[in-house]
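**Student:** Take a look at input.pdb, PDB, C-alpha atoms:
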ATOM      1  CA  MET A   1     127.605 -19.548 190.826
ATOM      2  CA  LYS A   2     128.893 -19.499 194.409
ATOM      3  CA  ASN A   3     131.130 -16.561 195.200
ATOM      4  CA  ASN A   4     132.662 -14.388 197.909
ATOM      5  CA  VAL A   5     131.074 -11.093 196.901
ATOM      6  CA  LYS A   6     128.771 -10.771 199.905
ATOM      7  CA  ILE A   7     131.438 -11.541 202.524
ATOM      8  CA  THR A   8     133.942  -9.226 200.853
ATOM      9  CA  ARG A   9     131.398  -6.425 200.536
ATOM     10  CA  ILE A  10     130.431  -6.688 204.208
ATOM     11  CA  LYS A  11     134.123  -6.698 205.199
ATOM     12  CA  ALA A  12     134.568  -3.535 203.129
ATOM     13  CA  SER A  13     131.643  -1.964 205.070
ATOM     14  CA  MET A  14     129.723  -1.355 201.907
ATOM     15  CA  THR A  15     125.982  -1.727 201.368
ATOM     16  CA  GLN A  16     124.472  -3.450 198.342
ATOM     17  CA  GLU A  17     123.162  -0.095 197.212
ATOM     18  CA  GLN A  18     126.581   1.574 197.401
ATOM     19  CA  LEU A  19     128.272  -1.205 195.460
ATOM     20  CA  ALA A  20     125.459  -1.228 192.913
ATOM     21  CA  ARG A  21     125.772   2.511 192.332
ATOM     22  CA  LYS A  22     129.549   2.278 191.949
ATOM     23  CA  VAL A  23     129.430  -0.469 189.317
ATOM     24  CA  GLY A  24     126.365   0.897 187.526
ATOM     25  CA  VAL A  25     123.762  -1.784 188.190
ATOM     26  CA  THR A  26     120.721  -2.092 190.458
ATOM     27  CA  ARG A  27     120.727  -3.341 194.045
ATOM     28  CA  GLN A  28     118.639  -6.293 192.905
ATOM     29  CA  THR A  29     121.402  -7.368 190.512
ATOM     30  CA  ILE A  30     124.021  -7.251 193.289
ATOM     31  CA  GLY A  31     121.690  -9.271 195.526
ATOM     32  CA  LEU A  32     121.205 -11.882 192.810
ATOM     33  CA  ILE A  33     124.956 -12.148 192.189
ATOM     34  CA  GLU A  34     125.635 -12.575 195.925
ATOM     35  CA  LYS A  35     123.025 -15.298 196.157
ATOM     36  CA  GLY A  36     124.487 -17.032 193.117
ATOM     37  CA  GLU A  37     121.259 -16.661 191.160
ATOM     38  CA  TYR A  38     122.754 -14.575 188.391
ATOM     39  CA  ASN A  39     126.049 -14.992 186.576
ATOM     40  CA  PRO A  40     127.352 -11.526 185.732
ATOM     41  CA  THR A  41     129.262 -10.662 182.572
ATOM     42  CA  LEU A  42     133.045 -10.571 182.769
ATOM     43  CA  GLN A  43     132.865  -6.789 182.526
ATOM     44  CA  LEU A  44     130.675  -6.587 185.649
ATOM     45  CA  CYS A  45     132.800  -9.188 187.483
ATOM     46  CA  ILE A  46     135.860  -7.004 186.903
ATOM     47  CA  ALA A  47     134.034  -3.838 187.959
ATOM     48  CA  ILE A  48     132.936  -5.482 191.234
ATOM     49  CA  ALA A  49     136.414  -6.901 191.869
ATOM     50  CA  LYS A  50     137.977  -3.473 191.337
ATOM     51  CA  GLU A  51     135.523  -1.790 193.692
ATOM     52  CA  LEU A  52     136.173  -4.392 196.385
ATOM     53  CA  ASN A  53     139.955  -4.353 195.783
ATOM     54  CA  LYS A  54     140.064  -8.072 195.096
ATOM     55  CA  THR A  55     141.115 -10.268 192.195
ATOM     56  CA  LEU A  56     138.641 -12.293 190.162
ATOM     57  CA  ASP A  57     140.081 -15.463 191.710
ATOM     58  CA  GLU A  58     139.445 -14.221 195.239
ATOM     59  CA  LEU A  59     135.852 -13.335 194.458
ATOM     60  CA  TYR A  60     134.652 -15.933 192.003
ATOM     61  CA  TRP A  61     136.894 -18.972 192.030
ATOM     62  CA  GLU A  62     135.202 -22.117 193.356
ATOM     63  CA  VAL A  63     134.681 -21.603 197.052
ATOM     64  CA  GLU A  64     133.292 -23.551 199.956
ATOM     65  CA  LEU A  65     130.407 -21.591 201.512
TER      66      LEU A  65
ATOM     67  CA  MET B   1     127.235  -5.678 171.726
ATOM     68  CA  LYS B   2     125.809  -2.985 169.489
ATOM     69  CA  SER B   3     122.256  -3.287 168.237
ATOM     70  CA  TRP B   4     119.442  -0.825 167.634
ATOM     71  CA  ILE B   5     117.342  -2.666 170.208
ATOM     72  CA  SER B   6     119.766  -1.469 172.919
ATOM     73  CA  PHE B   7     117.914   1.827 172.711
ATOM     74  CA  PHE B   8     114.818   0.177 174.233
ATOM     75  CA  LEU B   9     116.679  -1.793 176.890
ATOM     76  CA  PRO B  10     117.527  -0.787 180.470
ATOM     77  CA  ASN B  11     121.129  -0.036 181.502
ATOM     78  CA  ASP B  12     121.243  -2.684 184.214
ATOM     79  CA  GLU B  13     122.653  -5.863 182.670
ATOM     80  CA  TYR B  14     120.394  -8.309 184.549
ATOM     81  CA  LYS B  15     117.286  -6.358 183.579
ATOM     82  CA  GLU B  16     118.587  -6.030 180.024
ATOM     83  CA  ARG B  17     119.078  -9.773 179.710
ATOM     84  CA  LYS B  18     115.642 -10.491 181.173
ATOM     85  CA  MET B  19     113.990  -8.057 178.766
ATOM     86  CA  LEU B  20     115.773  -9.673 175.825
ATOM     87  CA  TYR B  21     114.388 -13.053 176.924
ATOM     88  CA  PHE B  22     110.869 -11.612 177.198
ATOM     89  CA  PHE B  23     111.074 -10.016 173.751
ATOM     90  CA  SER B  24     112.443 -13.232 172.221
ATOM     91  CA  GLU B  25     109.783 -15.408 173.870
ATOM     92  CA  GLY B  26     107.120 -12.916 172.823
ATOM     93  CA  SER B  27     108.369 -13.010 169.229
ATOM     94  CA  ILE B  28     108.252 -16.812 169.093
ATOM     95  CA  ILE B  29     104.742 -16.878 170.593
ATOM     96  CA  LEU B  30     103.703 -14.214 168.091
ATOM     97  CA  PHE B  31     105.145 -16.305 165.258
ATOM     98  CA  LEU B  32     103.275 -19.404 166.468
ATOM     99  CA  SER B  33     100.029 -17.452 166.891
ATOM    100  CA  LEU B  34     100.402 -16.131 163.318
ATOM    101  CA  ILE B  35     100.785 -19.701 162.044
ATOM    102  CA  ALA B  36      97.709 -20.702 164.088
ATOM    103  CA  MET B  37      95.800 -17.800 162.555
ATOM    104  CA  VAL B  38      96.809 -18.792 159.018
ATOM    105  CA  ILE B  39      95.488 -22.321 159.697
ATOM    106  CA  CYS B  40      92.310 -20.989 161.345
ATOM    107  CA  ASN B  41      91.758 -18.716 158.364
ATOM    108  CA  TYR B  42      91.030 -21.813 156.227
ATOM    109  CA  TYR B  43      88.096 -22.711 158.459
ATOM    110  CA  PHE B  44      86.875 -19.338 159.805
ATOM    111  CA  ASN B  45      86.833 -15.971 158.199
ATOM    112  CA  ILE B  46      89.238 -13.782 160.191
ATOM    113  CA  SER B  47      89.299 -10.146 159.099
ATOM    114  CA  THR B  48      92.655  -8.422 158.554
ATOM    115  CA  GLU B  49      91.933  -5.954 161.342
ATOM    116  CA  THR B  50      91.172  -8.739 163.843
ATOM    117  CA  ALA B  51      94.305 -10.649 162.870
ATOM    118  CA  LEU B  52      96.518  -7.582 163.202
ATOM    119  CA  LEU B  53      95.028  -6.480 166.524
ATOM    120  CA  LEU B  54      95.221 -10.019 167.904
ATOM    121  CA  SER B  55      98.884 -10.270 166.919
ATOM    122  CA  ILE B  56      99.735  -6.983 168.616
ATOM    123  CA  ALA B  57      97.726  -7.995 171.706
ATOM    124  CA  VAL B  58      99.457 -11.394 171.959
ATOM    125  CA  PHE B  59     102.907  -9.817 171.869
ATOM    126  CA  LEU B  60     102.110  -6.923 174.195
ATOM    127  CA  PHE B  61     100.241  -9.011 176.776
ATOM    128  CA  TYR B  62     102.972 -11.623 176.868
ATOM    129  CA  VAL B  63     105.893  -9.201 177.236
ATOM    130  CA  LEU B  64     104.028  -6.969 179.706
ATOM    131  CA  GLY B  65     102.783  -9.961 181.710
ATOM    132  CA  ARG B  66     106.242 -11.480 181.980
ATOM    133  CA  TYR B  67     107.731  -8.113 182.941
ATOM    134  CA  ILE B  68     105.171  -7.517 185.694
ATOM    135  CA  LEU B  69     105.415 -11.022 187.140
ATOM    136  CA  SER B  70     109.213 -11.129 187.038
ATOM    137  CA  GLY B  71     109.494  -8.493 189.799
ATOM    138  CA  ILE B  72     112.293  -6.550 188.125
ATOM    139  CA  GLU B  73     110.592  -3.177 187.938
ATOM    140  CA  TYR B  74     111.064  -1.846 191.467
ATOM    141  CA  THR B  75     114.653  -2.908 192.067
ATOM    142  CA  ASP B  76     115.210  -0.888 195.239
ATOM    143  CA  ILE B  77     112.061  -1.811 197.164
ATOM    144  CA  ALA B  78     113.234  -4.245 199.814
ATOM    145  CA  THR B  79     111.832  -2.963 203.130
ATOM    146  CA  GLU B  80     108.250  -2.626 204.345
ATOM    147  CA  LYS B  81     108.695   1.113 204.741
ATOM    148  CA  SER B  82     109.846   1.641 201.146
ATOM    149  CA  TYR B  83     107.100  -0.726 199.938
ATOM    150  CA  ASN B  84     104.379   1.302 201.662
ATOM    151  CA  ARG B  85     105.880   4.560 200.389
ATOM    152  CA  GLU B  86     105.974   3.266 196.809
ATOM    153  CA  LEU B  87     102.407   1.949 197.084
ATOM    154  CA  LYS B  88     101.285   5.405 198.140
ATOM    155  CA  THR B  89     103.183   6.926 195.186
ATOM    156  CA  ILE B  90     101.505   4.509 192.766
ATOM    157  CA  PHE B  91      98.095   5.384 194.206
ATOM    158  CA  ILE B  92      98.731   9.124 193.875
ATOM    159  CA  ARG B  93     100.187   8.717 190.359
ATOM    160  CA  THR B  94      97.157   6.714 189.197
ATOM    161  CA  GLY B  95      94.739   9.206 190.769
ATOM    162  CA  SER B  96      96.577  12.134 189.159
ATOM    163  CA  PHE B  97      96.438  10.444 185.766
ATOM    164  CA  VAL B  98      92.675   9.932 186.039
ATOM    165  CA  VAL B  99      92.070  13.542 187.141
ATOM    166  CA  ILE B 100      94.409  15.107 184.538
ATOM    167  CA  PHE B 101      92.963  12.961 181.736
ATOM    168  CA  MET B 102      89.427  13.935 182.766
ATOM    169  CA  VAL B 103      90.302  17.656 182.861
ATOM    170  CA  CYS B 104      92.067  17.468 179.450
ATOM    171  CA  TYR B 105      89.114  15.581 177.991
ATOM    172  CA  LEU B 106      86.688  18.226 179.230
ATOM    173  CA  ILE B 107      88.865  21.091 177.947
ATOM    174  CA  PHE B 108      90.040  19.733 174.573
ATOM    175  CA  GLY B 109      87.506  16.998 173.844
ATOM    176  CA  ASN B 110      83.753  17.018 173.731
ATOM    177  CA  THR B 111      81.940  17.785 176.948
ATOM    178  CA  PRO B 112      79.523  14.913 177.621
ATOM    179  CA  SER B 113      76.001  16.077 176.859
ATOM    180  CA  SER B 114      73.954  13.344 178.468
ATOM    181  CA  GLN B 115      74.071  11.322 181.666
ATOM    182  CA  ASN B 116      74.975   8.230 179.655
ATOM    183  CA  GLU B 117      78.016   9.952 178.133
ATOM    184  CA  TRP B 118      79.162  11.050 181.595
ATOM    185  CA  ILE B 119      78.837   7.502 182.905
ATOM    186  CA  GLU B 120      80.689   6.230 179.826
ATOM    187  CA  ILE B 121      83.705   8.526 180.203
ATOM    188  CA  ILE B 122      83.904   8.201 183.988
ATOM    189  CA  GLY B 123      83.519   4.432 183.754
ATOM    190  CA  PHE B 124      86.220   4.241 181.098
ATOM    191  CA  LEU B 125      88.637   6.365 183.118
ATOM    192  CA  LEU B 126      88.013   4.444 186.327
ATOM    193  CA  SER B 127      88.551   1.128 184.513
ATOM    194  CA  VAL B 128      91.826   2.319 182.959
ATOM    195  CA  GLY B 129      92.949   3.721 186.321
ATOM    196  CA  LEU B 130      92.059   0.489 188.106
ATOM    197  CA  VAL B 131      93.880  -1.691 185.559
ATOM    198  CA  TRP B 132      96.927   0.575 185.708
ATOM    199  CA  PHE B 133      96.907   0.480 189.514
ATOM    200  CA  ILE B 134      96.546  -3.322 189.598
ATOM    201  CA  ILE B 135      99.421  -3.750 187.112
ATOM    202  CA  ASN B 136     101.704  -1.525 189.195
ATOM    203  CA  PHE B 137     100.559  -3.115 192.432
ATOM    204  CA  ILE B 138     101.333  -6.658 191.225
ATOM    205  CA  SER B 139     104.699  -5.519 189.887
ATOM    206  CA  LEU B 140     105.531  -3.800 193.174
ATOM    207  CA  LYS B 141     104.419  -6.769 195.261
ATOM    208  CA  ARG B 142     106.503  -9.186 193.171
ATOM    209  CA  SER B 143     109.534  -6.879 193.265
ATOM    210  CA  TYR B 144     109.258  -6.441 197.035
ATOM    211  CA  LYS B 145     108.920 -10.174 197.624
ATOM    212  CA  ARG B 146     111.945 -10.844 195.448
ATOM    213  CA  ASN B 147     114.160  -8.081 196.830
ATOM    214  CA  LYS B 148     113.354  -8.988 200.444
ATOM    215  CA  ASP B 149     115.074 -12.337 199.972
ATOM    216  CA  LEU B 150     118.143 -10.771 198.391
ATOM    217  CA  ILE B 151     119.225  -8.509 201.252
TER     218      ILE B 151
END
What would the structure in this file look like if it were written as structure tokens?
**Tutor:**
Amino acid sequence: MKNNVKITRIKASMTQEQLARKVGVTRQTIGLIEKGEYNPTLQLCIAIAKELNKTLDELYWEVEL
Amino acid sequence: MKSWISFFLPNDEYKERKMLYFFSEGSIILFLSLIAMVICNYYFNISTETALLLSIAVFLFYVLGRYILSGIEYTDIATEKSYNRELKTIFIRTGSFVVIFMVCYLIFGNTPSSQNEWIEIIGFLLSVGLVWFIINFISLKRSYKRNKDLI
């Protein structure tokens, strides 16, 4: 699933490790989500959106990359 | 979702899902191997002990093999520096295990009385240590390769 997580995270000056620690997953999981190789649960989507101060739409709605 | 198997699963949701897949696949392969054994039992005489050990081995080897090859064990190893550091740690951990096991065996077990017994115990320990090191090495290598692409 294509998404805006990576761009938003970089804009927020946050590393994968920092985001991973804040939402309670591993860095590998964040990397996989950013690459679109893993579809997270709704619970994790919300946790990431909250940490990045974005809505689900802004992060996960169909985007052109 | 609440289930008793959650106790054996990691906290990370990706890892958790992967492990559930491995356990499920392992269970199906175990089921198929049991059917194969029932059929084979008509033609060959398979002892109960062999059948039970084979079943355990099939499940364990499959789940362990999939886990090692999936590269999900060392989730934070993404740079060459951290890879080399972890490799060193694995080497030291394996060496420590071999030494501690040997010391415990000599203290609490029987002290080998002949040269053959010494060769046997040292050979056994070195083989176990080598297998353990190889398993960890493959897992680390796969994890590193995977994580490198995700940065």
**Student:** Identify all chain A residues at most 6 Å from chain B by counting all atoms listed in the file; ligands do not count. Present them as a PyMOL selection string.
**Tutor:** chain A and resi 25+28+31
**Student:** Quick one: residues within 12 Å of B:Leu52, all atoms listed in the file counted, chain neighbours fewer than 4 positions away excluded, as a PDB file with C-alpha atoms, in the frame of the given file?
**Tutor:**
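The result, stored in around_6.pdb:
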ATOM      1  CA  LEU B  30     103.703 -14.214 168.091  1.00  0.00           C
ATOM      2  CA  SER B  33     100.029 -17.452 166.891  1.00  0.00           C
ATOM      3  CA  LEU B  34     100.402 -16.131 163.318  1.00  0.00           C
ATOM      4  CA  MET B  37      95.800 -17.800 162.555  1.00  0.00           C
ATOM      5  CA  VAL B  38      96.809 -18.792 159.018  1.00  0.00           C
ATOM      6  CA  ILE B  46      89.238 -13.782 160.191  1.00  0.00           C
ATOM      7  CA  SER B  47      89.299 -10.146 159.099  1.00  0.00           C
ATOM      8  CA  THR B  48      92.655  -8.422 158.554  1.00  0.00           C
ATOM      9  CA  ILE B  56      99.735  -6.983 168.616  1.00  0.00           C
ATOM     10  CA  ALA B  57      97.726  -7.995 171.706  1.00  0.00           C
ATOM     11  CA  VAL B  58      99.457 -11.394 171.959  1.00  0.00           C
ATOM     12  CA  PHE B  59     102.907  -9.817 171.869  1.00  0.00           C
TER      13      PHE B  59
END
**Student:** Decode the PyMOL selection byres ((chain A and resi 24) around 12) for the given file into explicit residues and return them as number ranges by chain.
**Tutor:** A: 16-23, 25-30, 43-45, 47-48, 51; B: 10-14
**Student:** Using the chain letters and numbers from the file, which residues does the PyMOL selection byres ((chain B and resi 85-102) around 10) grab, as a PyMOL selection string?
**Tutor:** chain B and resi 74+77+79-84+103-107+109+121-122+124-134+136-137+140-141
**Student:** List, as an NGL selection string, every residue that the PyMOL selection byres ((chain A and resi 35) around 9) selects in the file provided.
**Tutor:** (:A and (1-3 or 6 or 30-34 or 36-38)) or (:B and (150))
**Student:** For the atom pair atom CA of B:Phe22 and atom CA of B:Ile5, what is the interatomic distance in Å to one decimal place?
**Tutor:** 13.1 Å
**Student:** Would you list the residues near (103.5, -10.9, 174.1) (no more than 12 Å away, in the coordinates of the file, using all atoms listed in the file) as a PDB file with C-alpha atoms, keeping the file's coordinate frame?
**Tutor:**
ATOM      1  CA  MET B  19     113.990  -8.057 178.766  1.00  0.00           C
ATOM      2  CA  TYR B  21     114.388 -13.053 176.924  1.00  0.00           C
ATOM      3  CA  PHE B  22     110.869 -11.612 177.198  1.00  0.00           C
ATOM      4  CA  PHE B  23     111.074 -10.016 173.751  1.00  0.00           C
ATOM      5  CA  SER B  24     112.443 -13.232 172.221  1.00  0.00           C
ATOM      6  CA  GLU B  25     109.783 -15.408 173.870  1.00  0.00           C
ATOM      7  CA  GLY B  26     107.120 -12.916 172.823  1.00  0.00           C
ATOM      8  CA  SER B  27     108.369 -13.010 169.229  1.00  0.00           C
ATOM      9  CA  ILE B  28     108.252 -16.812 169.093  1.00  0.00           C
ATOM     10  CA  ILE B  29     104.742 -16.878 170.593  1.00  0.00           C
ATOM     11  CA  LEU B  30     103.703 -14.214 168.091  1.00  0.00           C
ATOM     12  CA  PHE B  31     105.145 -16.305 165.258  1.00  0.00           C
ATOM     13  CA  LEU B  32     103.275 -19.404 166.468  1.00  0.00           C
ATOM     14  CA  SER B  33     100.029 -17.452 166.891  1.00  0.00           C
ATOM     15  CA  LEU B  54      95.221 -10.019 167.904  1.00  0.00           C
ATOM     16  CA  SER B  55      98.884 -10.270 166.919  1.00  0.00           C
ATOM     17  CA  ILE B  56      99.735  -6.983 168.616  1.00  0.00           C
ATOM     18  CA  ALA B  57      97.726  -7.995 171.706  1.00  0.00           C
ATOM     19  CA  VAL B  58      99.457 -11.394 171.959  1.00  0.00           C
ATOM     20  CA  PHE B  59     102.907  -9.817 171.869  1.00  0.00           C
ATOM     21  CA  LEU B  60     102.110  -6.923 174.195  1.00  0.00           C
ATOM     22  CA  PHE B  61     100.241  -9.011 176.776  1.00  0.00           C
ATOM     23  CA  TYR B  62     102.972 -11.623 176.868  1.00  0.00           C
ATOM     24  CA  VAL B  63     105.893  -9.201 177.236  1.00  0.00           C
ATOM     25  CA  LEU B  64     104.028  -6.969 179.706  1.00  0.00           C
ATOM     26  CA  GLY B  65     102.783  -9.961 181.710  1.00  0.00           C
ATOM     27  CA  ARG B  66     106.242 -11.480 181.980  1.00  0.00           C
ATOM     28  CA  TYR B  67     107.731  -8.113 182.941  1.00  0.00           C
TER      29      TYR B  67
END
**Student:** Between atom CA of B:Leu20 and atom CA of A:Trp61, what distance in Å does the model show, to one decimal?
**Tutor:**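 Here the two named atoms are 28.2 Å from each other.
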**Student:** Would you work out the distance separating atom CA of B:Ser139 from atom CA of B:Ile68, expressed in Å to one decimal?
**Tutor:**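 Those two atoms sit 4.7 Å apart.
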**Student:** If I wrap all listed atoms of stretch 82-88 of chain B in a box with edges along x, y and z and add 3 Å on each side, what are its centre and edge lengths in Å to one decimal, as AutoDock Vina command-line options?
**Tutor:**
--center_x 105.6 --center_y 2.3 --center_z 199.2 --size_x 14.6 --size_y 12.1 --size_z 10.9
**Student:** Take the point (141.0, -13.7, 187.3) in the file's coordinates, draw a sphere of radius 10 Å around it, and report as a list in words every protein, DNA or RNA residue with an atom inside or on it, counting all atoms listed in the file.
**Tutor:**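 Residues with an atom at most 10 Å from (141.0, -13.7, 187.3): Leu42, Cys45, Ile46, Ala49, Lys54, Thr55, Leu56, Asp57, Glu58, Leu59, Tyr60 and Trp61 of chain A.
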**Student:** Please produce stretch 22-43 of chain A, completed to N, CA and C atoms, as a PDB file, in the coordinates of the input.
**Tutor:**
ATOM      1  N   LYS A  22     128.169   2.126 192.426  1.00  0.00           N
ATOM      2  CA  LYS A  22     129.549   2.278 191.949  1.00  0.00           C
ATOM      3  C   LYS A  22     129.822   1.483 190.663  1.00  0.00           C
ATOM      4  N   VAL A  23     129.165   0.340 190.520  1.00  0.00           N
ATOM      5  CA  VAL A  23     129.430  -0.469 189.317  1.00  0.00           C
ATOM      6  C   VAL A  23     128.350  -0.291 188.244  1.00  0.00           C
ATOM      7  N   GLY A  24     127.373   0.554 188.538  1.00  0.00           N
ATOM      8  CA  GLY A  24     126.365   0.897 187.526  1.00  0.00           C
ATOM      9  C   GLY A  24     125.303  -0.148 187.267  1.00  0.00           C
ATOM     10  N   VAL A  25     124.887  -0.843 188.326  1.00  0.00           N
ATOM     11  CA  VAL A  25     123.762  -1.784 188.190  1.00  0.00           C
ATOM     12  C   VAL A  25     122.758  -1.491 189.307  1.00  0.00           C
ATOM     13  N   THR A  26     121.703  -2.306 189.397  1.00  0.00           N
ATOM     14  CA  THR A  26     120.721  -2.092 190.458  1.00  0.00           C
ATOM     15  C   THR A  26     121.082  -2.942 191.683  1.00  0.00           C
ATOM     16  N   ARG A  27     120.478  -2.586 192.819  1.00  0.00           N
ATOM     17  CA  ARG A  27     120.727  -3.341 194.045  1.00  0.00           C
ATOM     18  C   ARG A  27     120.258  -4.794 193.871  1.00  0.00           C
ATOM     19  N   GLN A  28     119.173  -4.945 193.142  1.00  0.00           N
ATOM     20  CA  GLN A  28     118.639  -6.293 192.905  1.00  0.00           C
ATOM     21  C   GLN A  28     119.682  -7.174 192.211  1.00  0.00           C
ATOM     22  N   THR A  29     120.384  -6.603 191.246  1.00  0.00           N
ATOM     23  CA  THR A  29     121.402  -7.368 190.512  1.00  0.00           C
ATOM     24  C   THR A  29     122.523  -7.803 191.447  1.00  0.00           C
ATOM     25  N   ILE A  30     122.966  -6.895 192.328  1.00  0.00           N
ATOM     26  CA  ILE A  30     124.021  -7.251 193.289  1.00  0.00           C
ATOM     27  C   ILE A  30     123.526  -8.372 194.208  1.00  0.00           C
ATOM     28  N   GLY A  31     122.283  -8.246 194.662  1.00  0.00           N
ATOM     29  CA  GLY A  31     121.690  -9.271 195.526  1.00  0.00           C
ATOM     30  C   GLY A  31     121.655 -10.630 194.837  1.00  0.00           C
ATOM     31  N   LEU A  32     121.288 -10.626 193.575  1.00  0.00           N
ATOM     32  CA  LEU A  32     121.205 -11.882 192.810  1.00  0.00           C
ATOM     33  C   LEU A  32     122.588 -12.500 192.612  1.00  0.00           C
ATOM     34  N   ILE A  33     123.583 -11.650 192.367  1.00  0.00           N
ATOM     35  CA  ILE A  33     124.956 -12.148 192.189  1.00  0.00           C
ATOM     36  C   ILE A  33     125.433 -12.772 193.505  1.00  0.00           C
ATOM     37  N   GLU A  34     125.198 -12.076 194.617  1.00  0.00           N
ATOM     38  CA  GLU A  34     125.635 -12.575 195.925  1.00  0.00           C
ATOM     39  C   GLU A  34     124.988 -13.911 196.271  1.00  0.00           C
ATOM     40  N   LYS A  35     123.746 -14.050 195.872  1.00  0.00           N
ATOM     41  CA  LYS A  35     123.025 -15.298 196.157  1.00  0.00           C
ATOM     42  C   LYS A  35     123.367 -16.409 195.169  1.00  0.00           C
ATOM     43  N   GLY A  36     124.104 -16.057 194.145  1.00  0.00           N
ATOM     44  CA  GLY A  36     124.487 -17.032 193.117  1.00  0.00           C
ATOM     45  C   GLY A  36     123.371 -17.337 192.152  1.00  0.00           C
ATOM     46  N   GLU A  37     122.400 -16.424 192.064  1.00  0.00           N
ATOM     47  CA  GLU A  37     121.259 -16.661 191.160  1.00  0.00           C
ATOM     48  C   GLU A  37     121.432 -15.991 189.798  1.00  0.00           C
ATOM     49  N   TYR A  38     122.494 -15.205 189.687  1.00  0.00           N
ATOM     50  CA  TYR A  38     122.754 -14.575 188.391  1.00  0.00           C
ATOM     51  C   TYR A  38     124.251 -14.560 188.133  1.00  0.00           C
ATOM     52  N   ASN A  39     124.640 -15.013 186.961  1.00  0.00           N
ATOM     53  CA  ASN A  39     126.049 -14.992 186.576  1.00  0.00           C
ATOM     54  C   ASN A  39     126.344 -13.711 185.812  1.00  0.00           C
ATOM     55  N   PRO A  40     127.096 -12.800 186.418  1.00  0.00           N
ATOM     56  CA  PRO A  40     127.352 -11.526 185.732  1.00  0.00           C
ATOM     57  C   PRO A  40     128.305 -11.677 184.553  1.00  0.00           C
ATOM     58  N   THR A  41     128.320 -10.659 183.697  1.00  0.00           N
ATOM     59  CA  THR A  41     129.262 -10.662 182.572  1.00  0.00           C
ATOM     60  C   THR A  41     130.661 -10.432 183.141  1.00  0.00           C
ATOM     61  N   LEU A  42     131.658 -10.749 182.335  1.00  0.00           N
ATOM     62  CA  LEU A  42     133.045 -10.571 182.769  1.00  0.00           C
ATOM     63  C   LEU A  42     133.304  -9.099 183.099  1.00  0.00           C
ATOM     64  N   GLN A  43     132.708  -8.236 182.316  1.00  0.00           N
ATOM     65  CA  GLN A  43     132.865  -6.789 182.526  1.00  0.00           C
ATOM     66  C   GLN A  43     132.388  -6.389 183.929  1.00  0.00           C
TER      67      GLN A  43
END
